[in-house]
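Written out below as structure tokens is the structure these notes cover.
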Amino acid sequence: MSVLIIKNSPHEGPGNIIQYVNTKGIKFHIIEAYRNHRISSLKRYQYLIVLGGPMGVYEINRYPFLVTVAKAFEHALKSGIKVLGICLGCQLFAYVLGAKVYKGKGEEIGWYDIEFTEKGLLDPCFSTLSDTSGKAKVFMWHGDTFDAPNGTTRLASSSLFSEQAFRYGTSYGIQFHPEVTTEMILKWSKNRQDLKDIIDDSATFYFEYKQKASRFYSAFFKT
């Protein structure tokens, strides 16, 4: 089993995904796409994970490496490689599937509730993130959203954005960040006026969140 992880920003790394794959002995390779517009062949990988970044998909002409990442999505889907897109990675996934990506009416930065759809609660992989109420507290850092891509199943929504997660075949796009560590949260939030609130919420929610993330990775890497 081998995983290709694509970084779109120096500040948005794979976080606790690396902790998980290391404990399971899963081989992985990281490409910093923002440094290099080339992505080598995906033939030796069974999984592709595309992480977040501060740019928007609608800025793809300003960030040519995003074209390369989009092509990696296309190749993976055609080759039967299982995909996980996180935040910008989710938005790129939606874009590749033909959906419009655009600025939302607000931002979700910090800890927010998502509500699972009926199909989200039944999904063997995504349902691992839910609590008993059919909701979950997740860590967000985005203001962009997208229209529902054709051929996908909506798995969760929030009060601000209807598109929070989707499944396409056995691949997933999620707007929130299961991969964050407490160190990443602190680094991202250090210049924000609501830093104390984010730190306090992280102390309340992070431990359980990381456990759910681990269950999600376990289910994701099974197939």
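Chains: A, B, ... in order of the structure tokens. Residues: from 1 per chain. Ligands: from 1, in order shown.
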Inset, instruction - Please identify all polymer residues within 12 Å of Met55 of chain A, counting only C-alpha atoms, omitting same-chain residues fewer than 4 positions from it, and present them as a list in words. - result: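 What passes the distance filter is Asn8, Ser9, Glu12, Tyr34, Leu51, Glu59, Ile60, Asn61, Arg62, Tyr63, Pro64, Phe65, Leu66, Cys87, Leu88, Gly89, Gln91, Leu92, Val101, Tyr102, Lys103, His142, Gly143 and Asp144 of chain A.
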File of the preceding selection, C-alpha atoms, as a CSV table (one decimal), in the first residue's frame:
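Heads up, here's the output in again03.csv:
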chain,number,residue,atom,x,y,z
A,8,ASN,CA,-0.4,23.1,-2.0
A,9,SER,CA,1.1,25.4,0.6
A,12,GLU,CA,-0.8,23.2,5.3
A,34,TYR,CA,3.7,24.8,-5.1
A,51,LEU,CA,-4.3,19.0,1.1
A,59,GLU,CA,-7.4,31.8,-9.1
A,60,ILE,CA,-6.0,28.8,-11.1
A,61,ASN,CA,-4.4,31.2,-13.7
A,62,ARG,CA,-2.4,32.8,-11.0
A,63,TYR,CA,-1.3,29.5,-9.6
A,64,PRO,CA,-0.3,27.3,-12.5
A,65,PHE,CA,0.6,24.4,-10.3
A,66,LEU,CA,-3.1,23.9,-9.5
A,87,CYS,CA,-10.3,21.9,1.9
A,88,LEU,CA,-8.7,23.3,-1.3
A,89,GLY,CA,-8.2,19.7,-2.2
A,91,GLN,CA,-12.6,22.3,-4.0
A,92,LEU,CA,-10.2,21.1,-6.7
A,101,VAL,CA,-16.1,26.9,-7.1
A,102,TYR,CA,-16.5,30.4,-5.7
A,103,LYS,CA,-16.3,32.6,-2.6
A,142,HIS,CA,-12.2,28.2,4.6
A,143,GLY,CA,-14.4,30.8,2.9
A,144,ASP,CA,-14.9,29.2,-0.5
From segment 10-208 of chain A, collect each residue whose DSSP state is strand (DSSP E) and return the set as a PDB file with N, CA and C atoms, in the first residue's frame.
ATOM      1  N   LYS A  27       3.357   3.075   3.336  1.00  0.00           N
ATOM      2  CA  LYS A  27       4.345   3.877   2.634  1.00  0.00           C
ATOM      3  C   LYS A  27       3.689   5.138   2.067  1.00  0.00           C
ATOM      4  N   PHE A  28       4.434   6.249   2.089  1.00  0.00           N
ATOM      5  CA  PHE A  28       3.888   7.491   1.554  1.00  0.00           C
ATOM      6  C   PHE A  28       5.001   8.340   0.959  1.00  0.00           C
ATOM      7  N   HIS A  29       4.588   9.219   0.076  1.00  0.00           N
ATOM      8  CA  HIS A  29       5.507  10.184  -0.530  1.00  0.00           C
ATOM      9  C   HIS A  29       4.797  11.524  -0.581  1.00  0.00           C
ATOM     10  N   ILE A  30       5.502  12.598  -0.251  1.00  0.00           N
ATOM     11  CA  ILE A  30       4.930  13.943  -0.245  1.00  0.00           C
ATOM     12  C   ILE A  30       5.520  14.752  -1.382  1.00  0.00           C
ATOM     13  N   ILE A  31       4.644  15.379  -2.160  1.00  0.00           N
ATOM     14  CA  ILE A  31       5.060  16.309  -3.211  1.00  0.00           C
ATOM     15  C   ILE A  31       4.604  17.711  -2.828  1.00  0.00           C
ATOM     16  N   GLU A  32       5.531  18.658  -2.856  1.00  0.00           N
ATOM     17  CA  GLU A  32       5.196  20.061  -2.612  1.00  0.00           C
ATOM     18  C   GLU A  32       4.897  20.703  -3.962  1.00  0.00           C
ATOM     19  N   TYR A  47      -3.430   5.365  -3.351  1.00  0.00           N
ATOM     20  CA  TYR A  47      -4.183   6.446  -2.726  1.00  0.00           C
ATOM     21  C   TYR A  47      -3.548   7.788  -3.074  1.00  0.00           C
ATOM     22  N   LEU A  48      -4.409   8.801  -3.230  1.00  0.00           N
ATOM     23  CA  LEU A  48      -3.967  10.171  -3.443  1.00  0.00           C
ATOM     24  C   LEU A  48      -4.677  11.064  -2.438  1.00  0.00           C
ATOM     25  N   ILE A  49      -3.899  11.840  -1.680  1.00  0.00           N
ATOM     26  CA  ILE A  49      -4.455  12.812  -0.741  1.00  0.00           C
ATOM     27  C   ILE A  49      -3.977  14.196  -1.155  1.00  0.00           C
ATOM     28  N   VAL A  50      -4.923  15.109  -1.371  1.00  0.00           N
ATOM     29  CA  VAL A  50      -4.593  16.478  -1.763  1.00  0.00           C
ATOM     30  C   VAL A  50      -5.034  17.415  -0.637  1.00  0.00           C
ATOM     31  N   LYS A  82      -7.773   5.703  -5.189  1.00  0.00           N
ATOM     32  CA  LYS A  82      -8.724   6.289  -4.247  1.00  0.00           C
ATOM     33  C   LYS A  82      -8.227   7.656  -3.790  1.00  0.00           C
ATOM     34  N   VAL A  83      -9.129   8.647  -3.796  1.00  0.00           N
ATOM     35  CA  VAL A  83      -8.752  10.037  -3.571  1.00  0.00           C
ATOM     36  C   VAL A  83      -9.401  10.579  -2.305  1.00  0.00           C
ATOM     37  N   LEU A  84      -8.635  11.408  -1.590  1.00  0.00           N
ATOM     38  CA  LEU A  84      -9.166  12.212  -0.494  1.00  0.00           C
ATOM     39  C   LEU A  84      -8.725  13.645  -0.719  1.00  0.00           C
ATOM     40  N   GLY A  85      -9.686  14.552  -0.926  1.00  0.00           N
ATOM     41  CA  GLY A  85      -9.388  15.970  -1.077  1.00  0.00           C
ATOM     42  C   GLY A  85      -9.842  16.716   0.165  1.00  0.00           C
ATOM     43  N   ILE A  86      -8.940  17.513   0.743  1.00  0.00           N
ATOM     44  CA  ILE A  86      -9.212  18.247   1.977  1.00  0.00           C
ATOM     45  C   ILE A  86      -9.165  19.747   1.699  1.00  0.00           C
ATOM     46  N   VAL A 101     -16.645  26.557  -8.416  1.00  0.00           N
ATOM     47  CA  VAL A 101     -16.072  26.867  -7.102  1.00  0.00           C
ATOM     48  C   VAL A 101     -16.011  28.391  -6.975  1.00  0.00           C
ATOM     49  N   TYR A 102     -16.402  28.917  -5.819  1.00  0.00           N
ATOM     50  CA  TYR A 102     -16.510  30.368  -5.685  1.00  0.00           C
ATOM     51  C   TYR A 102     -16.448  30.779  -4.212  1.00  0.00           C
ATOM     52  N   LYS A 103     -16.275  32.086  -3.997  1.00  0.00           N
ATOM     53  CA  LYS A 103     -16.274  32.616  -2.633  1.00  0.00           C
ATOM     54  C   LYS A 103     -17.656  32.460  -2.014  1.00  0.00           C
ATOM     55  N   GLY A 104     -17.691  32.031  -0.746  1.00  0.00           N
ATOM     56  CA  GLY A 104     -18.954  31.911  -0.045  1.00  0.00           C
ATOM     57  C   GLY A 104     -19.405  33.245   0.540  1.00  0.00           C
ATOM     58  N   LYS A 105     -20.528  33.210   1.216  1.00  0.00           N
ATOM     59  CA  LYS A 105     -21.086  34.428   1.815  1.00  0.00           C
ATOM     60  C   LYS A 105     -20.460  34.746   3.167  1.00  0.00           C
ATOM     61  N   GLY A 106     -19.581  33.901   3.626  1.00  0.00           N
ATOM     62  CA  GLY A 106     -18.900  34.116   4.897  1.00  0.00           C
ATOM     63  C   GLY A 106     -17.746  33.154   5.022  1.00  0.00           C
ATOM     64  N   GLU A 107     -17.165  33.099   6.199  1.00  0.00           N
ATOM     65  CA  GLU A 107     -16.041  32.193   6.464  1.00  0.00           C
ATOM     66  C   GLU A 107     -16.373  31.276   7.635  1.00  0.00           C
ATOM     67  N   GLU A 108     -15.777  30.116   7.617  1.00  0.00           N
ATOM     68  CA  GLU A 108     -15.801  29.213   8.768  1.00  0.00           C
ATOM     69  C   GLU A 108     -14.352  28.991   9.174  1.00  0.00           C
ATOM     70  N   ILE A 109     -13.954  29.625  10.247  1.00  0.00           N
ATOM     71  CA  ILE A 109     -12.584  29.506  10.758  1.00  0.00           C
ATOM     72  C   ILE A 109     -12.674  29.192  12.242  1.00  0.00           C
ATOM     73  N   GLY A 110     -12.194  28.022  12.605  1.00  0.00           N
ATOM     74  CA  GLY A 110     -12.303  27.548  13.981  1.00  0.00           C
ATOM     75  C   GLY A 110     -13.156  26.298  14.046  1.00  0.00           C
ATOM     76  N   TRP A 111     -13.774  26.072  15.172  1.00  0.00           N
ATOM     77  CA  TRP A 111     -14.552  24.859  15.405  1.00  0.00           C
ATOM     78  C   TRP A 111     -16.033  25.106  15.105  1.00  0.00           C
ATOM     79  N   TYR A 112     -16.580  24.291  14.214  1.00  0.00           N
ATOM     80  CA  TYR A 112     -17.975  24.430  13.788  1.00  0.00           C
ATOM     81  C   TYR A 112     -18.656  23.064  13.758  1.00  0.00           C
ATOM     82  N   ASP A 113     -19.987  23.108  13.837  1.00  0.00           N
ATOM     83  CA  ASP A 113     -20.772  21.882  13.712  1.00  0.00           C
ATOM     84  C   ASP A 113     -21.074  21.601  12.248  1.00  0.00           C
ATOM     85  N   ILE A 114     -21.002  20.330  11.879  1.00  0.00           N
ATOM     86  CA  ILE A 114     -21.565  19.883  10.608  1.00  0.00           C
ATOM     87  C   ILE A 114     -22.669  18.881  10.933  1.00  0.00           C
ATOM     88  N   GLU A 115     -23.651  18.814  10.042  1.00  0.00           N
ATOM     89  CA  GLU A 115     -24.737  17.861  10.199  1.00  0.00           C
ATOM     90  C   GLU A 115     -24.668  16.846   9.064  1.00  0.00           C
ATOM     91  N   PHE A 116     -24.699  15.586   9.431  1.00  0.00           N
ATOM     92  CA  PHE A 116     -24.573  14.519   8.452  1.00  0.00           C
ATOM     93  C   PHE A 116     -25.907  14.305   7.738  1.00  0.00           C
ATOM     94  N   LYS A 135     -24.285  14.629  14.201  1.00  0.00           N
ATOM     95  CA  LYS A 135     -23.505  15.841  13.952  1.00  0.00           C
ATOM     96  C   LYS A 135     -22.051  15.582  14.335  1.00  0.00           C
ATOM     97  N   ALA A 136     -21.211  16.582  14.123  1.00  0.00           N
ATOM     98  CA  ALA A 136     -19.824  16.494  14.562  1.00  0.00           C
ATOM     99  C   ALA A 136     -19.262  17.897  14.670  1.00  0.00           C
ATOM    100  N   LYS A 137     -18.388  18.086  15.633  1.00  0.00           N
ATOM    101  CA  LYS A 137     -17.645  19.329  15.751  1.00  0.00           C
ATOM    102  C   LYS A 137     -16.338  19.139  14.997  1.00  0.00           C
ATOM    103  N   VAL A 138     -16.084  20.013  13.997  1.00  0.00           N
ATOM    104  CA  VAL A 138     -14.904  19.850  13.151  1.00  0.00           C
ATOM    105  C   VAL A 138     -14.137  21.158  13.065  1.00  0.00           C
ATOM    106  N   PHE A 139     -12.873  21.056  12.672  1.00  0.00           N
ATOM    107  CA  PHE A 139     -12.055  22.256  12.550  1.00  0.00           C
ATOM    108  C   PHE A 139     -12.066  22.739  11.106  1.00  0.00           C
ATOM    109  N   MET A 140     -12.485  23.986  10.936  1.00  0.00           N
ATOM    110  CA  MET A 140     -12.641  24.597   9.610  1.00  0.00           C
ATOM    111  C   MET A 140     -11.617  25.708   9.389  1.00  0.00           C
ATOM    112  N   TRP A 141     -11.316  25.940   8.108  1.00  0.00           N
ATOM    113  CA  TRP A 141     -10.498  27.102   7.761  1.00  0.00           C
ATOM    114  C   TRP A 141     -10.744  27.435   6.285  1.00  0.00           C
ATOM    115  N   HIS A 142     -11.921  27.929   5.982  1.00  0.00           N
ATOM    116  CA  HIS A 142     -12.237  28.207   4.579  1.00  0.00           C
ATOM    117  C   HIS A 142     -13.344  29.246   4.467  1.00  0.00           C
ATOM    118  N   GLY A 143     -13.372  29.887   3.271  1.00  0.00           N
ATOM    119  CA  GLY A 143     -14.449  30.800   2.929  1.00  0.00           C
ATOM    120  C   GLY A 143     -15.009  30.516   1.552  1.00  0.00           C
ATOM    121  N   ASP A 144     -14.405  29.556   0.852  1.00  0.00           N
ATOM    122  CA  ASP A 144     -14.863  29.174  -0.485  1.00  0.00           C
ATOM    123  C   ASP A 144     -15.797  27.980  -0.408  1.00  0.00           C
ATOM    124  N   THR A 145     -16.626  27.861  -1.415  1.00  0.00           N
ATOM    125  CA  THR A 145     -17.552  26.746  -1.488  1.00  0.00           C
ATOM    126  C   THR A 145     -17.728  26.353  -2.953  1.00  0.00           C
ATOM    127  N   PHE A 146     -18.649  25.445  -3.229  1.00  0.00           N
ATOM    128  CA  PHE A 146     -18.824  24.945  -4.595  1.00  0.00           C
ATOM    129  C   PHE A 146     -20.240  24.399  -4.748  1.00  0.00           C
ATOM    130  N   THR A 153     -22.353  12.104  -3.932  1.00  0.00           N
ATOM    131  CA  THR A 153     -23.326  11.987  -2.846  1.00  0.00           C
ATOM    132  C   THR A 153     -22.958  12.965  -1.753  1.00  0.00           C
ATOM    133  N   ARG A 154     -23.871  13.878  -1.410  1.00  0.00           N
ATOM    134  CA  ARG A 154     -23.612  14.826  -0.317  1.00  0.00           C
ATOM    135  C   ARG A 154     -23.636  14.072   1.003  1.00  0.00           C
ATOM    136  N   LEU A 155     -22.621  14.319   1.838  1.00  0.00           N
ATOM    137  CA  LEU A 155     -22.485  13.595   3.092  1.00  0.00           C
ATOM    138  C   LEU A 155     -22.716  14.475   4.322  1.00  0.00           C
ATOM    139  N   ALA A 156     -22.501  15.785   4.191  1.00  0.00           N
ATOM    140  CA  ALA A 156     -22.663  16.671   5.353  1.00  0.00           C
ATOM    141  C   ALA A 156     -22.827  18.111   4.892  1.00  0.00           C
ATOM    142  N   SER A 157     -23.466  18.902   5.740  1.00  0.00           N
ATOM    143  CA  SER A 157     -23.659  20.333   5.518  1.00  0.00           C
ATOM    144  C   SER A 157     -23.425  21.068   6.833  1.00  0.00           C
ATOM    145  N   ALA A 165     -19.093  17.973   2.498  1.00  0.00           N
ATOM    146  CA  ALA A 165     -18.401  16.715   2.204  1.00  0.00           C
ATOM    147  C   ALA A 165     -19.197  15.956   1.160  1.00  0.00           C
ATOM    148  N   PHE A 166     -18.474  15.244   0.286  1.00  0.00           N
ATOM    149  CA  PHE A 166     -19.141  14.413  -0.704  1.00  0.00           C
ATOM    150  C   PHE A 166     -18.329  13.151  -0.973  1.00  0.00           C
ATOM    151  N   ARG A 167     -19.016  12.166  -1.497  1.00  0.00           N
ATOM    152  CA  ARG A 167     -18.365  10.938  -1.953  1.00  0.00           C
ATOM    153  C   ARG A 167     -18.531  10.815  -3.457  1.00  0.00           C
ATOM    154  N   TYR A 168     -17.478  10.368  -4.122  1.00  0.00           N
ATOM    155  CA  TYR A 168     -17.537  10.078  -5.546  1.00  0.00           C
ATOM    156  C   TYR A 168     -16.938   8.692  -5.728  1.00  0.00           C
ATOM    157  N   SER A 171     -14.092   7.620  -3.379  1.00  0.00           N
ATOM    158  CA  SER A 171     -13.252   8.770  -3.048  1.00  0.00           C
ATOM    159  C   SER A 171     -14.076   9.826  -2.321  1.00  0.00           C
ATOM    160  N   TYR A 172     -13.370  10.718  -1.603  1.00  0.00           N
ATOM    161  CA  TYR A 172     -14.049  11.691  -0.742  1.00  0.00           C
ATOM    162  C   TYR A 172     -13.458  13.085  -0.891  1.00  0.00           C
ATOM    163  N   GLY A 173     -14.350  14.069  -0.803  1.00  0.00           N
ATOM    164  CA  GLY A 173     -13.946  15.459  -0.692  1.00  0.00           C
ATOM    165  C   GLY A 173     -14.543  16.028   0.579  1.00  0.00           C
ATOM    166  N   ILE A 174     -13.710  16.644   1.418  1.00  0.00           N
ATOM    167  CA  ILE A 174     -14.196  17.213   2.674  1.00  0.00           C
ATOM    168  C   ILE A 174     -13.626  18.618   2.855  1.00  0.00           C
TER     169      ILE A 174
END
At a cut-off of 6 Å, can you tabulate as CSV every residue of segment 55-151 of chain A near segment 205-222 of chain A together with its closest atom pair and the distance in Å to one decimal, using only C-alpha atoms and ordering rows by chain then number?
residue,atom,partner,partner_atom,distance
A:Cys125,CA,A:Ala219,CA,5.0
A:Thr128,CA,A:Phe216,CA,5.5
A:Leu129,CA,A:Lys212,CA,5.1
Legend entry - Interatomic distance (Å, one decimal) between atom CA of His75 of chain A and atom CA of His37 of chain A: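 That distance, rounded to one decimal, is 15.5 Å.
Note that atom CA of Ser127 of chain A and atom CA of His177 of chain A are 15.6 Å apart.
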